[in-house]
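Chemist: A single structure is presented below for examination.
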There are 2 protein chains.
Amino acid sequence: MRILIIEDDHKIAGAVKRGMEQEKFAVDISYDGQDGLGQALTIDYDAIILDRMLPEIDGIEVCRTLREKENHTPILMLTAKDKLNDRVEGLNAGADDYLVKPFAFVELLARVRALLRRPVETKEMVLKIDDLILNTMTFEVTRGGKKIELSATEFSLLEYLMRNPNRILTKDNIISHVWDYDADILPNTVEVYIGYLRNKIDKPFAKKLQLIQTARGFGYKLAAS
Amino acid sequence: MRILIIEDDHKIAGAVKRGMEQEKFAVDISYDGQDGLGQALTIDYDAIILDRMLPEIDGIEVCRTLREKENHTPILMLTAKDKLNDRVEGLNAGADDYLVKPFAFVELLARVRALLRRPVETKEMVLKIDDLILNTMTFEVTRGGKKIELSATEFSLLEYLMRNPNRILTKDNIISHVWDYDADILPNTVEVYIGYLRNKIDKPFAKKLQLIQTARGFGYKLAAS
DNA sequence: GATAGCTCTCAACTTTTTCTCAGGTTTGTG
DNA sequence: CACAAACCTGAGAAAAAGTTGAGAGCTATC
């Protein structure tokens with residue numbers, strides 16, 4: 001499996017390259033849009049990891065150009081934090097998935113693998129568990145039609161839980177998927193954020209079924225009916 | 001499969017060696033970094049278990065040196081509990097995984113197996129004996145479709161039994177696989193936990209065949225049909 | 001440069017599990 | 001059948017895991 005990383009930040013590009021190589025991928029790097037576009041058109045990659053912000057030619061532009069030239073290599077777009085439009089714009093330009101910086105490496109790996117596994121299928125963008133709805137494009141979360149305001153970390157945590165419903169996720173799982181790969185996060189921090197989420201998505205909705213459940217000694221799980 | 005343990009604590013090294021040999025691995029031990037590094041460069045091991053803190057040459061240094069010399073043997077680093085940075089440092093030095101001391105032997109075994117199988121990733125995740133099913137990924141246990149709630153220790157014990165069906169396991173076997181290596185566990189504690197398991201997986205299901213059987217004077221075994 | 005909001009840690013507190021003990025029961029052996 | 005060794009189990013203290021309020025440190029915004 002051959003992958004192209006188009007990313008001007010050498011540190012990130014290097015880290016991702018090393019990680020992916022350890023996972024037995026062949027990895028090339030381009031440090032700007034011009035060069036990256038050329039690479040992508042020359043070599044038939046299995047997937048492209050593309051930074052949104054790039055010198056020379058912008059990531060969006062690279063993506064659009066590739067699609068115009070009938071190149072359908074799966075593209076994972078890396079976007080800056082809380083720039084809502086970036087993602088919409090990226091997906092509109094033909095990207096297959098997006099990932100918010102800073103990201104956890106396992107998360108990137110999982111996304112890339114997902115892209116490779118189902119090249120044609122479009123990514124699930126609206127997640128639904130019971131009457132809880134999370135829209136990964138607009139970042140809106142509602143329960144029973146009522147809007148819920150979440151912080152970035154809370155959103156990321158809930159998204160991870162909703163992508164793995166009915167499955168117990170350990171704190172280690174959660175830490176490595178929700179937090180940046182070089183962050184040293186205590187298990188207690190996960191507990192605290194679970195508490196925040198509960199206050200927002202369970203407590204105000206007096207139902208017999210609490211969506212977020214504790215599995216003492218194992219982790220947490222989101223219950224689907 | 002040949003494994004090298006580089007660990008200055010003779011007690012730990014010995015326990016791991018015995019356990020791994022029971023699992024049909026060939027095991028060598030080095031008691032310091034200098035010697036370990038030489039061993040690792042001389043013999044082509046399938047995996048290396050490397051203590052972070054070592055006399056002569058530090059574990060990090062051993063790891064870095066091996067990688068510099070283009071040796072890519074999978075390395076599992078053992079780190080002390082309270083050293084948060086050890087983990088990052090170890091992975092940066094080229095280790096493939098880490099494990100925090102004190103650990104249970106089964107945990108170590110699982111990690112080593114994961115490293116050996118890294119390219120394929122076909123870990124056995126669902127164990128099945130009769131109508132008893134244990135999912136190591138989601139931590140779910142069911143019998144005859146009915147969900148069973150277990151504590152962490154009970155789960156760990158049942159997993160060990162299910163990975164060795166129809167085989168008599170002594171209390172010593174069980175203690176060294178299920179508990180941390182430095183825990184002083186009485187044989188009676190195993191008896192107690194076997195009792196807990198029986199209450200949950202055998203008693204409520206009135207079948208003629210009790211899955212957990214006592215082999216008086218030897219140990220216990222899990223009966224498969 | 002004050003304010004507001006978010007992230008993350010800490011510490012006190014609650015809940016549950018872990019593990020041991022002690023006394024009871026079963027099993028094998030002479 | 002008597003006896004000891006092995007095993008089982010109810011009770012409960014100690015330890016661990018999880019919850020939560022408070023707040024320090026950052027960052028963005030006006």
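Order determines the names: the first chain of the structure tokens is A, the second B, and so forth; residues in each chain are numbered 1 upward, and ligands are numbered 1 upward as they are shown.
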Matching each Cα of chain B to its counterpart in chain A by order, what RMSD results from the least-squares fit?
Modeler: 6.7 Å
Chemist: Would you please extract all helix (DSSP H, G or I) residues from segment 61-181 of chain B, as assigned by DSSP on the backbone, and give them as a PyMOL selection string?
Modeler: chain B and resi 61-68+84-92+105-116+152-163+171-178
Chemist: Could you please take those selected residues and save C-alpha atoms as a PDB file, in the first residue's frame?
Modeler:
ATOM      1  CA  GLU B  61      19.939   3.492  24.579  1.00  0.00           C
ATOM      2  CA  VAL B  62      19.809  -0.205  23.691  1.00  0.00           C
ATOM      3  CA  CYS B  63      16.688   0.441  21.662  1.00  0.00           C
ATOM      4  CA  ARG B  64      18.094   3.449  19.845  1.00  0.00           C
ATOM      5  CA  THR B  65      21.360   1.675  19.075  1.00  0.00           C
ATOM      6  CA  LEU B  66      19.566  -1.349  17.637  1.00  0.00           C
ATOM      7  CA  ARG B  67      17.486   0.855  15.351  1.00  0.00           C
ATOM      8  CA  GLU B  68      20.546   2.815  14.262  1.00  0.00           C
ATOM      9  CA  LEU B  84       4.857   9.157  32.183  1.00  0.00           C
ATOM     10  CA  ASN B  85       7.520  10.326  29.776  1.00  0.00           C
ATOM     11  CA  ASP B  86       9.113   6.899  29.564  1.00  0.00           C
ATOM     12  CA  ARG B  87       6.414   5.779  27.218  1.00  0.00           C
ATOM     13  CA  VAL B  88       6.877   8.605  24.716  1.00  0.00           C
ATOM     14  CA  GLU B  89      10.632   8.409  25.047  1.00  0.00           C
ATOM     15  CA  GLY B  90      10.583   4.667  24.477  1.00  0.00           C
ATOM     16  CA  LEU B  91       8.408   4.889  21.401  1.00  0.00           C
ATOM     17  CA  ASN B  92      10.541   7.704  20.041  1.00  0.00           C
ATOM     18  CA  PHE B 105       1.742 -12.232  32.434  1.00  0.00           C
ATOM     19  CA  VAL B 106      -1.184 -12.660  30.083  1.00  0.00           C
ATOM     20  CA  GLU B 107      -0.968  -8.990  29.257  1.00  0.00           C
ATOM     21  CA  LEU B 108       2.674  -9.354  28.309  1.00  0.00           C
ATOM     22  CA  LEU B 109       1.904 -12.431  26.274  1.00  0.00           C
ATOM     23  CA  ALA B 110      -0.874 -10.678  24.415  1.00  0.00           C
ATOM     24  CA  ARG B 111       1.375  -7.751  23.592  1.00  0.00           C
ATOM     25  CA  VAL B 112       4.213  -9.951  22.385  1.00  0.00           C
ATOM     26  CA  ARG B 113       1.818 -11.963  20.249  1.00  0.00           C
ATOM     27  CA  ALA B 114       0.426  -8.747  18.824  1.00  0.00           C
ATOM     28  CA  LEU B 115       3.938  -7.641  17.891  1.00  0.00           C
ATOM     29  CA  LEU B 116       4.711 -10.948  16.230  1.00  0.00           C
ATOM     30  CA  ALA B 152     -12.183  -7.331  35.740  1.00  0.00           C
ATOM     31  CA  THR B 153     -10.495 -10.175  37.623  1.00  0.00           C
ATOM     32  CA  GLU B 154     -13.297 -12.596  36.920  1.00  0.00           C
ATOM     33  CA  PHE B 155     -13.106 -11.715  33.237  1.00  0.00           C
ATOM     34  CA  SER B 156      -9.372 -12.188  33.155  1.00  0.00           C
ATOM     35  CA  LEU B 157      -9.653 -15.562  34.846  1.00  0.00           C
ATOM     36  CA  LEU B 158     -12.385 -16.746  32.506  1.00  0.00           C
ATOM     37  CA  GLU B 159     -10.392 -15.598  29.496  1.00  0.00           C
ATOM     38  CA  TYR B 160      -7.416 -17.621  30.658  1.00  0.00           C
ATOM     39  CA  LEU B 161      -9.584 -20.691  31.184  1.00  0.00           C
ATOM     40  CA  MET B 162     -11.203 -20.291  27.785  1.00  0.00           C
ATOM     41  CA  ARG B 163      -7.871 -19.950  26.049  1.00  0.00           C
ATOM     42  CA  LYS B 171      -3.546 -22.651  40.843  1.00  0.00           C
ATOM     43  CA  ASP B 172       0.024 -21.565  40.262  1.00  0.00           C
ATOM     44  CA  ASN B 173      -0.611 -21.396  36.534  1.00  0.00           C
ATOM     45  CA  ILE B 174      -3.670 -19.321  37.147  1.00  0.00           C
ATOM     46  CA  ILE B 175      -1.984 -17.002  39.614  1.00  0.00           C
ATOM     47  CA  SER B 176       0.929 -16.276  37.340  1.00  0.00           C
ATOM     48  CA  HIS B 177      -1.269 -15.666  34.314  1.00  0.00           C
ATOM     49  CA  VAL B 178      -4.085 -13.686  35.800  1.00  0.00           C
TER      50      VAL B 178
END
Chemist: Do me a favour and pick out the residues of chain A within 7 Å of chain B, using only C-alpha atoms, as a list of chain:residue names.
Modeler: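 In the required form, that comes to A:Arg167, A:Ile168, A:Gly217, A:Phe218.
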Chemist: Mind giving me the straight-line distance from atom CA of Ile48 of chain B to atom CA of Tyr31 of chain B in Å, one decimal?
Modeler: 13.1 Å
Chemist: Find the residues around segment 1-18 of chain D up to 10 Å (only C-alpha atoms (C1' of nucleotides) counted), leave out those fewer than 6 positions away in its own chain, and share them as a ChimeraX atom specification.
Modeler: /A:188,191-192,214-218 /B:188,191-192,194-196,214,216-218 /C:14-30
Chemist: Identify, on the basis of only C-alpha atoms (C1' of nucleotides), every residue whose closest approach to DC30 of chain D does not exceed 12 Å; exclude the query and any residue fewer than 5 positions from it along the same chain; express the result as a list in words.
Modeler: DG1, DA2, DT3 and DA4 of chain C
